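What follows is a set of notes on a single structure, which appears directly below.
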Amino acid sequence: MAMRSMWKARGCWSCIRALHKGPEAAQTPQKDAVKRVFSGIQPTGIPHLGNYLGAIETWVRLQEEYSSVLYSIVDLHSITVPQDPAVLQQSILDMTAVLLACGINPEKSILFQQSQVSEHTQLSWILTCMVRLPRLQHLHQWKAKVATQKHGGTVGLLTYPVLQAADILLYKSTHVPVGEDQVQHMELVQGLAREFNKKYGEFFPVPRSILTSMKKVKSLRDPSVKMSKSDPDKLATVRITDSPEEIVQKFRKAMTDFTSEVTYEPTCRAGVSNLVAIHAAVASLPIEEAVQQGAGLDTARYKLLVADAVIQRFAPIRREIEKLKTDRGHLEKVLQMGSTKAKELAHPVCQEVKKLVGFL
């Protein structure tokens, strides 16, 4: 839930592992349940290098490892902040093109538009009525976002983690790829599943986290923060659709330090270490080999080496995105077919939930 992009979705690895391995998490109510993966991504903004390495690559791999996989373009989440309707409609199609170009295969996974499956909002309301207000107000992302908004933030922004929980539980998902910044939200999802089961009987599997091997990619201009779609500095973020010239320019301007040698020391050389991590990830190399390839190069020349590796990785994806964007009908058909398949799974679960809570 990239996921809040993805869904945004990245340290608190020990917390995630505790959730992943702890005795409560192991007690999944339906032991014979289908292993099912769910994740979502907001349609706003073109995915960047961090989204690709931290989430989309994992999505592509998971559709080969699990027999039941759902990926949602979570447009309901996107309107927690103001959106231009025409831009949002196009962004949904553009995100569909990006995911297909990156390797998401509708024959191996269900790719769908969240708002086309009304059961998401129905289950979200039921779960919202089970959550105490302070529980949501204490979430780190709520505090961080409210601090930056003039009028305090909307109710939608406060409650979107409950919608996120509904997204996951609606399909009785058993596994969720998450990033570091989704730790608290996964705790909420797991807590709601347990609370529902305790109140109404064993029904929802308690979903487990799938940990990405790639730690978050840092901003090229400020390696103390993660790369972000919304960064006001245009040189800080490398987008999947950037031209080779744009990619070179951004890496040329990447922040390093006054030592020209290429080393991997994240605690004391964050900028250079970020370049090494990116190089290793896009070239499928161990960190040590990426450092070795930088031996004898100063950081200025190493930046160009990393830029070239990124260009090579994104070139076929960029070409496929442009091709897909010319066929609006195909993109709409992919989403329609995916939404139909998703609804076939969601409807009976939602109907059973309604019966359990007492609706006729």
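Letters A, B, ... mark the chains of the structure tokens in the order given; residue numbers begin at 1 per chain; ligand numbers begin at 1, in order shown.
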
**Report entry** Selection: 10 Å around Gln116 of chain A, only C-alpha atoms, excl. self and same-chain fewer than 4 positions, as a list in words
**Finding:**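 That gives Asp75, Leu76, Phe112, His120, Leu335, Gln336, Gly338, Ser339, Thr340, Ala342 and Lys343 of chain A.
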
Report task. Identify all residues of segment 152-269 of chain A in alpha helix (DSSP H) (DSSP on the backbone) and supply them as a PyMOL selection string. Result -> chain A and resi 155-169+183-200+244-252

Please, could you write that set of residues out with N, CA and C atoms as a short mmCIF file (atom, residue, chain, number, x, y, z; two decimals), in the first residue's frame?
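Contents of result.cif, freshly written:
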```cif
data_model
loop_
_atom_site.label_atom_id
_atom_site.label_comp_id
_atom_site.auth_asym_id
_atom_site.auth_seq_id
_atom_site.Cartn_x
_atom_site.Cartn_y
_atom_site.Cartn_z
N VAL A 155 -11.04 14.94 7.20
CA VAL A 155 -11.42 13.68 7.84
C VAL A 155 -10.96 12.50 6.98
N GLY A 156 -11.01 12.68 5.66
CA GLY A 156 -10.55 11.62 4.76
C GLY A 156 -9.09 11.29 4.98
N LEU A 157 -8.28 12.33 5.20
CA LEU A 157 -6.86 12.12 5.46
C LEU A 157 -6.66 11.37 6.77
N LEU A 158 -7.51 11.67 7.76
CA LEU A 158 -7.42 11.00 9.05
C LEU A 158 -7.80 9.52 8.95
N THR A 159 -8.85 9.24 8.18
CA THR A 159 -9.40 7.88 8.16
C THR A 159 -8.90 7.01 7.02
N TYR A 160 -8.04 7.57 6.15
CA TYR A 160 -7.62 6.74 5.01
C TYR A 160 -6.93 5.45 5.43
N PRO A 161 -6.23 5.37 6.59
CA PRO A 161 -5.66 4.07 6.98
C PRO A 161 -6.73 2.99 7.20
N VAL A 162 -7.94 3.41 7.57
CA VAL A 162 -9.01 2.43 7.73
C VAL A 162 -9.47 1.93 6.37
N LEU A 163 -9.56 2.83 5.40
CA LEU A 163 -9.86 2.42 4.02
C LEU A 163 -8.77 1.49 3.51
N GLN A 164 -7.55 1.79 3.87
CA GLN A 164 -6.43 0.93 3.49
C GLN A 164 -6.60 -0.46 4.09
N ALA A 165 -7.03 -0.53 5.34
CA ALA A 165 -7.29 -1.82 5.97
C ALA A 165 -8.40 -2.57 5.24
N ALA A 166 -9.46 -1.82 4.86
CA ALA A 166 -10.55 -2.45 4.12
C ALA A 166 -10.08 -2.98 2.78
N ASP A 167 -9.21 -2.23 2.10
CA ASP A 167 -8.65 -2.68 0.82
C ASP A 167 -8.04 -4.08 0.96
N ILE A 168 -7.31 -4.26 2.04
CA ILE A 168 -6.58 -5.51 2.26
C ILE A 168 -7.51 -6.63 2.72
N LEU A 169 -8.33 -6.34 3.71
CA LEU A 169 -9.15 -7.38 4.32
C LEU A 169 -10.30 -7.83 3.42
N VAL A 183 4.58 0.73 8.68
CA VAL A 183 4.60 -0.14 9.84
C VAL A 183 3.35 0.05 10.70
N GLN A 184 3.07 1.30 11.07
CA GLN A 184 1.92 1.56 11.93
C GLN A 184 0.61 1.20 11.24
N HIS A 185 0.54 1.43 9.94
CA HIS A 185 -0.69 1.12 9.23
C HIS A 185 -0.94 -0.39 9.17
N MET A 186 0.12 -1.18 9.02
CA MET A 186 -0.04 -2.62 9.05
C MET A 186 -0.45 -3.11 10.44
N GLU A 187 0.04 -2.44 11.47
CA GLU A 187 -0.41 -2.78 12.83
C GLU A 187 -1.91 -2.55 12.95
N LEU A 188 -2.39 -1.45 12.36
CA LEU A 188 -3.82 -1.16 12.39
C LEU A 188 -4.61 -2.22 11.64
N VAL A 189 -4.15 -2.61 10.47
CA VAL A 189 -4.82 -3.64 9.67
C VAL A 189 -4.91 -4.94 10.46
N GLN A 190 -3.79 -5.35 11.02
CA GLN A 190 -3.76 -6.61 11.77
C GLN A 190 -4.63 -6.54 13.01
N GLY A 191 -4.59 -5.36 13.67
CA GLY A 191 -5.42 -5.18 14.86
C GLY A 191 -6.90 -5.24 14.55
N LEU A 192 -7.30 -4.63 13.44
CA LEU A 192 -8.71 -4.65 13.04
C LEU A 192 -9.17 -6.07 12.68
N ALA A 193 -8.30 -6.82 12.01
CA ALA A 193 -8.64 -8.21 11.67
C ALA A 193 -8.88 -9.02 12.94
N ARG A 194 -7.98 -8.86 13.91
CA ARG A 194 -8.13 -9.61 15.17
C ARG A 194 -9.37 -9.17 15.94
N GLU A 195 -9.60 -7.86 15.96
CA GLU A 195 -10.75 -7.34 16.70
C GLU A 195 -12.06 -7.82 16.07
N PHE A 196 -12.13 -7.79 14.75
CA PHE A 196 -13.34 -8.28 14.06
C PHE A 196 -13.55 -9.76 14.36
N ASN A 197 -12.48 -10.54 14.29
CA ASN A 197 -12.58 -11.98 14.54
C ASN A 197 -13.02 -12.26 15.98
N LYS A 198 -12.52 -11.47 16.90
CA LYS A 198 -12.89 -11.66 18.31
C LYS A 198 -14.36 -11.35 18.54
N LYS A 199 -14.87 -10.35 17.84
CA LYS A 199 -16.24 -9.90 18.06
C LYS A 199 -17.26 -10.74 17.28
N TYR A 200 -16.90 -11.15 16.07
CA TYR A 200 -17.88 -11.79 15.20
C TYR A 200 -17.53 -13.24 14.83
N PRO A 244 16.78 10.50 -21.12
CA PRO A 244 18.19 10.30 -20.75
C PRO A 244 18.88 11.60 -20.35
N GLU A 245 18.57 12.68 -21.04
CA GLU A 245 19.20 13.97 -20.73
C GLU A 245 18.79 14.45 -19.33
N GLU A 246 17.54 14.27 -18.99
CA GLU A 246 17.06 14.67 -17.66
C GLU A 246 17.70 13.83 -16.57
N ILE A 247 17.85 12.55 -16.83
CA ILE A 247 18.46 11.66 -15.83
C ILE A 247 19.91 12.05 -15.60
N VAL A 248 20.65 12.31 -16.67
CA VAL A 248 22.05 12.73 -16.53
C VAL A 248 22.15 14.04 -15.75
N GLN A 249 21.31 14.98 -16.06
CA GLN A 249 21.33 16.26 -15.37
C GLN A 249 21.08 16.09 -13.87
N LYS A 250 20.12 15.25 -13.52
CA LYS A 250 19.79 15.05 -12.11
C LYS A 250 20.91 14.38 -11.35
N PHE A 251 21.56 13.40 -11.97
CA PHE A 251 22.67 12.74 -11.28
C PHE A 251 23.90 13.65 -11.22
N ARG A 252 24.11 14.46 -12.22
CA ARG A 252 25.23 15.42 -12.16
C ARG A 252 25.09 16.35 -10.95
#
```

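Listed by chain and then by rising number, the residues of segment 106-332 of chain A that DSSP assigns to strand (DSSP E or B) from the backbone are Ile110, Leu111, Phe112, Gln113, His175, Val176, Pro177, Val178, Arg208, Ser209, Ile210, Leu211, Lys218, Lys226 and Arg239 of chain A.
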
Written selection (N, CA, C and O atoms) as a PDB file, in the first residue's frame:
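The resulting part_10.pdb:
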```pdb
ATOM      1  N   ILE A 110      -4.509  -9.428 -10.804  1.00  0.00           N
ATOM      2  CA  ILE A 110      -5.696  -8.612 -11.059  1.00  0.00           C
ATOM      3  C   ILE A 110      -5.313  -7.156 -10.852  1.00  0.00           C
ATOM      4  O   ILE A 110      -4.988  -6.743  -9.745  1.00  0.00           O
ATOM      5  N   LEU A 111      -5.312  -6.385 -11.921  1.00  0.00           N
ATOM      6  CA  LEU A 111      -5.013  -4.953 -11.864  1.00  0.00           C
ATOM      7  C   LEU A 111      -6.330  -4.207 -12.030  1.00  0.00           C
ATOM      8  O   LEU A 111      -7.009  -4.356 -13.048  1.00  0.00           O
ATOM      9  N   PHE A 112      -6.702  -3.395 -11.026  1.00  0.00           N
ATOM     10  CA  PHE A 112      -8.021  -2.781 -11.075  1.00  0.00           C
ATOM     11  C   PHE A 112      -8.048  -1.408 -10.420  1.00  0.00           C
ATOM     12  O   PHE A 112      -7.135  -1.035  -9.681  1.00  0.00           O
ATOM     13  N   GLN A 113      -9.132  -0.695 -10.702  1.00  0.00           N
ATOM     14  CA  GLN A 113      -9.344   0.644 -10.161  1.00  0.00           C
ATOM     15  C   GLN A 113     -10.211   0.535  -8.908  1.00  0.00           C
ATOM     16  O   GLN A 113     -11.339   0.043  -8.946  1.00  0.00           O
ATOM     17  N   HIS A 175      -0.967 -11.684   2.531  1.00  0.00           N
ATOM     18  CA  HIS A 175       0.363 -11.085   2.458  1.00  0.00           C
ATOM     19  C   HIS A 175       0.282  -9.698   1.809  1.00  0.00           C
ATOM     20  O   HIS A 175      -0.441  -9.512   0.819  1.00  0.00           O
ATOM     21  N   VAL A 176       1.038  -8.761   2.375  1.00  0.00           N
ATOM     22  CA  VAL A 176       1.028  -7.385   1.889  1.00  0.00           C
ATOM     23  C   VAL A 176       2.461  -6.865   1.807  1.00  0.00           C
ATOM     24  O   VAL A 176       3.158  -6.792   2.828  1.00  0.00           O
ATOM     25  N   PRO A 177       2.950  -6.502   0.615  1.00  0.00           N
ATOM     26  CA  PRO A 177       4.267  -5.870   0.528  1.00  0.00           C
ATOM     27  C   PRO A 177       4.208  -4.466   1.116  1.00  0.00           C
ATOM     28  O   PRO A 177       3.315  -3.687   0.769  1.00  0.00           O
ATOM     29  N   VAL A 178       5.106  -4.163   2.028  1.00  0.00           N
ATOM     30  CA  VAL A 178       5.068  -2.878   2.719  1.00  0.00           C
ATOM     31  C   VAL A 178       6.451  -2.239   2.757  1.00  0.00           C
ATOM     32  O   VAL A 178       7.469  -2.897   2.614  1.00  0.00           O
ATOM     33  N   ARG A 208       0.137 -10.773   6.714  1.00  0.00           N
ATOM     34  CA  ARG A 208       1.550 -10.637   7.065  1.00  0.00           C
ATOM     35  C   ARG A 208       2.246  -9.669   6.114  1.00  0.00           C
ATOM     36  O   ARG A 208       1.858  -9.532   4.965  1.00  0.00           O
ATOM     37  N   SER A 209       3.296  -9.064   6.609  1.00  0.00           N
ATOM     38  CA  SER A 209       4.088  -8.144   5.788  1.00  0.00           C
ATOM     39  C   SER A 209       5.074  -8.916   4.924  1.00  0.00           C
ATOM     40  O   SER A 209       5.653  -9.914   5.359  1.00  0.00           O
ATOM     41  N   ILE A 210       5.241  -8.460   3.703  1.00  0.00           N
ATOM     42  CA  ILE A 210       6.327  -8.939   2.840  1.00  0.00           C
ATOM     43  C   ILE A 210       7.357  -7.820   2.778  1.00  0.00           C
ATOM     44  O   ILE A 210       7.051  -6.699   2.369  1.00  0.00           O
ATOM     45  N   LEU A 211       8.557  -8.112   3.202  1.00  0.00           N
ATOM     46  CA  LEU A 211       9.590  -7.090   3.295  1.00  0.00           C
ATOM     47  C   LEU A 211      10.346  -6.956   1.981  1.00  0.00           C
ATOM     48  O   LEU A 211      10.790  -7.943   1.407  1.00  0.00           O
ATOM     49  N   LYS A 218      16.973   7.514  -1.479  1.00  0.00           N
ATOM     50  CA  LYS A 218      16.999   8.866  -0.929  1.00  0.00           C
ATOM     51  C   LYS A 218      16.959   9.912  -2.042  1.00  0.00           C
ATOM     52  O   LYS A 218      17.298   9.648  -3.199  1.00  0.00           O
ATOM     53  N   LYS A 226      13.755  10.637   1.944  1.00  0.00           N
ATOM     54  CA  LYS A 226      13.520   9.709   0.840  1.00  0.00           C
ATOM     55  C   LYS A 226      13.108  10.458  -0.424  1.00  0.00           C
ATOM     56  O   LYS A 226      12.575  11.570  -0.375  1.00  0.00           O
ATOM     57  N   ARG A 239      12.207  10.264 -12.293  1.00  0.00           N
ATOM     58  CA  ARG A 239      10.957   9.602 -12.657  1.00  0.00           C
ATOM     59  C   ARG A 239      11.185   8.570 -13.755  1.00  0.00           C
ATOM     60  O   ARG A 239      12.090   8.711 -14.574  1.00  0.00           O
TER      61      ARG A 239
END
```
